[in-house]
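**Q** Pasting in a structure now, in structure tokens, and then I'll have a few things to ask.
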Amino acid sequence: MNQNTLAARENWSSICGPRDLTRVGTRTLPMAVLCLVVFCAFPSANRAQVPVYEVTPVESTIKFGVESSVPIKGTFDKWNASMKFSSADVRSGVLEIEIQADSVNTGSGLKNNKLKGKDFFNAQDSPTITFKSTKVVQTGPNTFDLEGDFTIRGVTKAERLTLTDNGKGSASGSIDGTMAFDRKDYGMNKGIPFIKIANRVEVNVSLKWKRISGPPPVFQQ
């Protein structure tokens with residue numbers, strides 16, 4: 001190393017000592033913090049653009065019925081439902097419903113116990129009945145077909161829930177839908193003595209909702 005190089009290094013050290021280097025690093029810190037704040041703000045902004053809904057069970061109902069020689073219709077008293085969106089597009093919505101099978105209520109204790117038993121809901125071994133949508137297809141200005149996984153008695157199959165959204169663009173409203181399934185597809189092969197029961201079971205949902213944050217979903221029609 002020549003004398004000129006050594007002299008240059010000594011001059012730099014005398015001009016810019018340790019304290020000066022610290023000040024140089026400190027001056028760059030606010031910019032780094034600003035970048036970090038901006039980066040962290042983007043997820044919050046994205047979340048703000050997603051509709052957030054809440055289902056109000058007190059004003060909602062889940063009913064079922066099957067054609068039979070003696071009327072068999074009822075409701076479920078205990079259940080939970082949620083509507084979640086991953087974007088503002090209404091087709092990104094996911095509807096999940098979880099029903100407590102032993103909360104079936106037909107107005108008759110005899111019918112309730114029969115439906116809770118192994119020949120039908122088998123509530124002891126399979127306490128929940130669930131539906132989770134996997135695809136949303138808009139079929140009209142405010143009508144939809146929800147394809148999803150339906151589980152009852154521990155058996156899961158693809159079913160379709162056809163529904164209408166009442167409250168497009170509003171802060172509150174309801175969705176009313178119908179799903180029909182063949183009970184024998186889920187192992188409910190037996191009947192009730194002296195009562196003729198059809199295989200087709202119809203489920204009707206009426207879910208009151210309110211939008212608690214975010215914009216209304218964007219409909220396609």
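Letters A, B, ... mark the chains of the structure tokens in the order given; residue numbers begin at 1 per chain; ligand numbers begin at 1, in order shown.
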Can you tell me, as number ranges by chain, which residues in segment 34-152 of chain A count as strand (DSSP E or B) by DSSP?

**A** A: 52-55, 61-68, 72-76, 79-84, 89, 94-100, 104-105, 128-138, 143-152

**Q** Would you list the contacts of Leu146 of chain A as a ChimeraX atom specification, taking every protein, DNA or RNA residue within 10 Å and counting only C-alpha atoms, but skipping same-chain residues closer than 4 positions in sequence?

**A** /A:91,93-95,132-138,159-163,177,179

**Q** Name all residues at most 7 Å from Ile175 of chain A (count only C-alpha atoms; drop same-chain ones fewer than 3 positions away) and give them as a PyMOL selection string.

**A** chain A and resi 163-166+206-208

**Q** Record the distance separating atom CA of Gln49 of chain A and atom CA of Lys84 of chain A, expressed in Å with one decimal.

**A**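 So the two atoms, atom CA of Gln49 of chain A and atom CA of Lys84 of chain A, lie 12.8 Å apart.
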
**Q** One number please: atom CA of Ser126 of chain A to atom CA of Val55 of chain A, in Å, one decimal.

**A** 24.6 Å

**Q** Using only C-alpha atoms, which protein or nucleic acid residues come within 9 Å of Pro127 of chain A? Drop anything in the same chain fewer than 5 positions from it, and give the result as a list in words.

**A**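 The filter keeps Ile99, Gln100, Ala101, Asp102, Phe121, Asn122, Ile152, Arg153 and Gly154 of chain A.
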
**Q** Rounded to one decimal in Å, what is the spacing between atom CA of Met83 of chain A and atom CA of Gly169 of chain A?

**A**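 If I compute the distance from atom CA of Met83 of chain A to atom CA of Gly169 of chain A, I get 15.3 Å.
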
**Q** Can you pull out every residue within 12 Å of Asn105 of chain A, counting only C-alpha atoms, but drop anything in the same chain fewer than 3 positions away, and send it as a PDB file with N, CA and C atoms, in the first residue's frame?

**A**
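Output file selection-v7.pdb is given in full below:
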```pdb
ATOM      1  N   THR A  61     -84.036 -18.680  10.352  1.00  0.00           N
ATOM      2  CA  THR A  61     -84.567 -20.025  10.568  1.00  0.00           C
ATOM      3  C   THR A  61     -83.951 -21.007   9.583  1.00  0.00           C
ATOM      4  N   ILE A  62     -83.849 -22.258  10.029  1.00  0.00           N
ATOM      5  CA  ILE A  62     -83.487 -23.367   9.150  1.00  0.00           C
ATOM      6  C   ILE A  62     -84.556 -24.437   9.335  1.00  0.00           C
ATOM      7  N   LYS A  63     -85.273 -24.721   8.250  1.00  0.00           N
ATOM      8  CA  LYS A  63     -86.390 -25.657   8.311  1.00  0.00           C
ATOM      9  C   LYS A  63     -86.148 -26.836   7.373  1.00  0.00           C
ATOM     10  N   PHE A  64     -86.886 -27.898   7.595  1.00  0.00           N
ATOM     11  CA  PHE A  64     -86.817 -29.053   6.698  1.00  0.00           C
ATOM     12  C   PHE A  64     -88.203 -29.675   6.601  1.00  0.00           C
ATOM     13  N   GLY A  65     -88.391 -30.454   5.555  1.00  0.00           N
ATOM     14  CA  GLY A  65     -89.658 -31.140   5.388  1.00  0.00           C
ATOM     15  C   GLY A  65     -89.503 -32.304   4.429  1.00  0.00           C
ATOM     16  N   ILE A  72     -94.190 -34.564   8.279  1.00  0.00           N
ATOM     17  CA  ILE A  72     -92.909 -34.515   8.982  1.00  0.00           C
ATOM     18  C   ILE A  72     -92.193 -33.243   8.540  1.00  0.00           C
ATOM     19  N   LYS A  73     -92.352 -32.227   9.337  1.00  0.00           N
ATOM     20  CA  LYS A  73     -91.715 -30.944   9.093  1.00  0.00           C
ATOM     21  C   LYS A  73     -91.193 -30.407  10.411  1.00  0.00           C
ATOM     22  N   GLY A  74     -90.154 -29.609  10.327  1.00  0.00           N
ATOM     23  CA  GLY A  74     -89.624 -29.065  11.575  1.00  0.00           C
ATOM     24  C   GLY A  74     -88.537 -28.039  11.345  1.00  0.00           C
ATOM     25  N   THR A  75     -87.933 -27.635  12.436  1.00  0.00           N
ATOM     26  CA  THR A  75     -86.848 -26.667  12.416  1.00  0.00           C
ATOM     27  C   THR A  75     -85.691 -27.207  13.254  1.00  0.00           C
ATOM     28  N   PHE A  76     -84.563 -26.511  13.158  1.00  0.00           N
ATOM     29  CA  PHE A  76     -83.430 -26.784  14.042  1.00  0.00           C
ATOM     30  C   PHE A  76     -83.251 -25.569  14.931  1.00  0.00           C
ATOM     31  N   ASP A  77     -83.174 -25.817  16.235  1.00  0.00           N
ATOM     32  CA  ASP A  77     -83.109 -24.718  17.192  1.00  0.00           C
ATOM     33  C   ASP A  77     -81.688 -24.219  17.459  1.00  0.00           C
ATOM     34  N   LYS A  78     -80.686 -25.060  17.172  1.00  0.00           N
ATOM     35  CA  LYS A  78     -79.300 -24.672  17.456  1.00  0.00           C
ATOM     36  C   LYS A  78     -78.451 -24.835  16.200  1.00  0.00           C
ATOM     37  N   GLN A 100     -76.748 -28.326  14.910  1.00  0.00           N
ATOM     38  CA  GLN A 100     -76.738 -29.361  15.938  1.00  0.00           C
ATOM     39  C   GLN A 100     -77.907 -30.318  15.664  1.00  0.00           C
ATOM     40  N   ALA A 101     -77.578 -31.553  15.285  1.00  0.00           N
ATOM     41  CA  ALA A 101     -78.605 -32.502  14.851  1.00  0.00           C
ATOM     42  C   ALA A 101     -79.644 -32.783  15.932  1.00  0.00           C
ATOM     43  N   ASP A 102     -79.215 -32.801  17.186  1.00  0.00           N
ATOM     44  CA  ASP A 102     -80.160 -33.134  18.258  1.00  0.00           C
ATOM     45  C   ASP A 102     -81.063 -31.964  18.634  1.00  0.00           C
ATOM     46  N   SER A 108     -93.223 -32.598  18.019  1.00  0.00           N
ATOM     47  CA  SER A 108     -93.617 -33.895  18.582  1.00  0.00           C
ATOM     48  C   SER A 108     -92.382 -34.581  19.149  1.00  0.00           C
ATOM     49  N   GLY A 109     -92.420 -34.897  20.433  1.00  0.00           N
ATOM     50  CA  GLY A 109     -91.293 -35.582  21.059  1.00  0.00           C
ATOM     51  C   GLY A 109     -91.028 -36.932  20.437  1.00  0.00           C
ATOM     52  N   LEU A 110     -92.086 -37.636  20.031  1.00  0.00           N
ATOM     53  CA  LEU A 110     -91.937 -38.955  19.415  1.00  0.00           C
ATOM     54  C   LEU A 110     -91.204 -38.852  18.083  1.00  0.00           C
ATOM     55  N   LYS A 111     -91.597 -37.885  17.263  1.00  0.00           N
ATOM     56  CA  LYS A 111     -90.926 -37.691  15.972  1.00  0.00           C
ATOM     57  C   LYS A 111     -89.485 -37.218  16.176  1.00  0.00           C
ATOM     58  N   ASN A 112     -89.294 -36.305  17.126  1.00  0.00           N
ATOM     59  CA  ASN A 112     -87.940 -35.805  17.390  1.00  0.00           C
ATOM     60  C   ASN A 112     -86.992 -36.946  17.733  1.00  0.00           C
ATOM     61  N   ASN A 113     -87.407 -37.804  18.634  1.00  0.00           N
ATOM     62  CA  ASN A 113     -86.552 -38.916  19.055  1.00  0.00           C
ATOM     63  C   ASN A 113     -86.273 -39.875  17.905  1.00  0.00           C
ATOM     64  N   LYS A 114     -87.264 -40.089  17.045  1.00  0.00           N
ATOM     65  CA  LYS A 114     -87.064 -40.970  15.903  1.00  0.00           C
ATOM     66  C   LYS A 114     -86.056 -40.375  14.927  1.00  0.00           C
ATOM     67  N   LEU A 115     -86.153 -39.081  14.677  1.00  0.00           N
ATOM     68  CA  LEU A 115     -85.230 -38.423  13.752  1.00  0.00           C
ATOM     69  C   LEU A 115     -83.811 -38.335  14.319  1.00  0.00           C
ATOM     70  N   LYS A 116     -83.691 -38.222  15.625  1.00  0.00           N
ATOM     71  CA  LYS A 116     -82.359 -38.179  16.251  1.00  0.00           C
ATOM     72  C   LYS A 116     -81.681 -39.551  16.243  1.00  0.00           C
TER      73      LYS A 116
END
```

**Q** According to DSSP computed on the backbone, where in segment 13-205 of chain A is there alpha helix (DSSP H)? Give the residues as a PyMOL selection string.

**A** chain A and resi 13-15+18-48+109-116

**Q** Which of these, A:Val52, A:Thr139, A:Gln124, A:Lys196, has the shortest distance to Ser213 of chain A once you count only C-alpha atoms?

**A**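 When distances to Ser213 of chain A are compared using only C-alpha atoms, the smallest one comes from A:Val52.
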
**Q** Leaving out Ser69 of chain A and any residue of its chain fewer than 6 positions from it, which residues lie within 9 Å of it when counting only C-alpha atoms, given as a PyMOL selection string?

**A** chain A and resi 194-197

**Q** I need the chosen residues saved as a short mmCIF file (atom, residue, chain, number, x, y, z; two decimals), in the first residue's frame, with N, CA and C atoms.

**A**
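The new file out_6.cif reads:
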```cif
data_model
loop_
_atom_site.label_atom_id
_atom_site.label_comp_id
_atom_site.auth_asym_id
_atom_site.auth_seq_id
_atom_site.Cartn_x
_atom_site.Cartn_y
_atom_site.Cartn_z
N PHE A 194 -95.89 -47.72 9.82
CA PHE A 194 -97.23 -47.22 9.48
C PHE A 194 -97.22 -45.82 8.86
N ILE A 195 -96.02 -45.30 8.53
CA ILE A 195 -95.93 -43.99 7.88
C ILE A 195 -95.14 -44.13 6.58
N LYS A 196 -95.71 -43.67 5.50
CA LYS A 196 -95.03 -43.69 4.21
C LYS A 196 -94.24 -42.40 4.06
N ILE A 197 -92.91 -42.54 3.82
CA ILE A 197 -92.03 -41.37 3.77
C ILE A 197 -91.33 -41.32 2.41
#
```

**Q** Which of these residues is nearest to Gly107 of chain A, using only C-alpha atoms: A:Pro71, A:Thr156, A:Gly148, A:Ser92?

**A**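 For Gly107 of chain A, the nearest of the candidates is A:Pro71.
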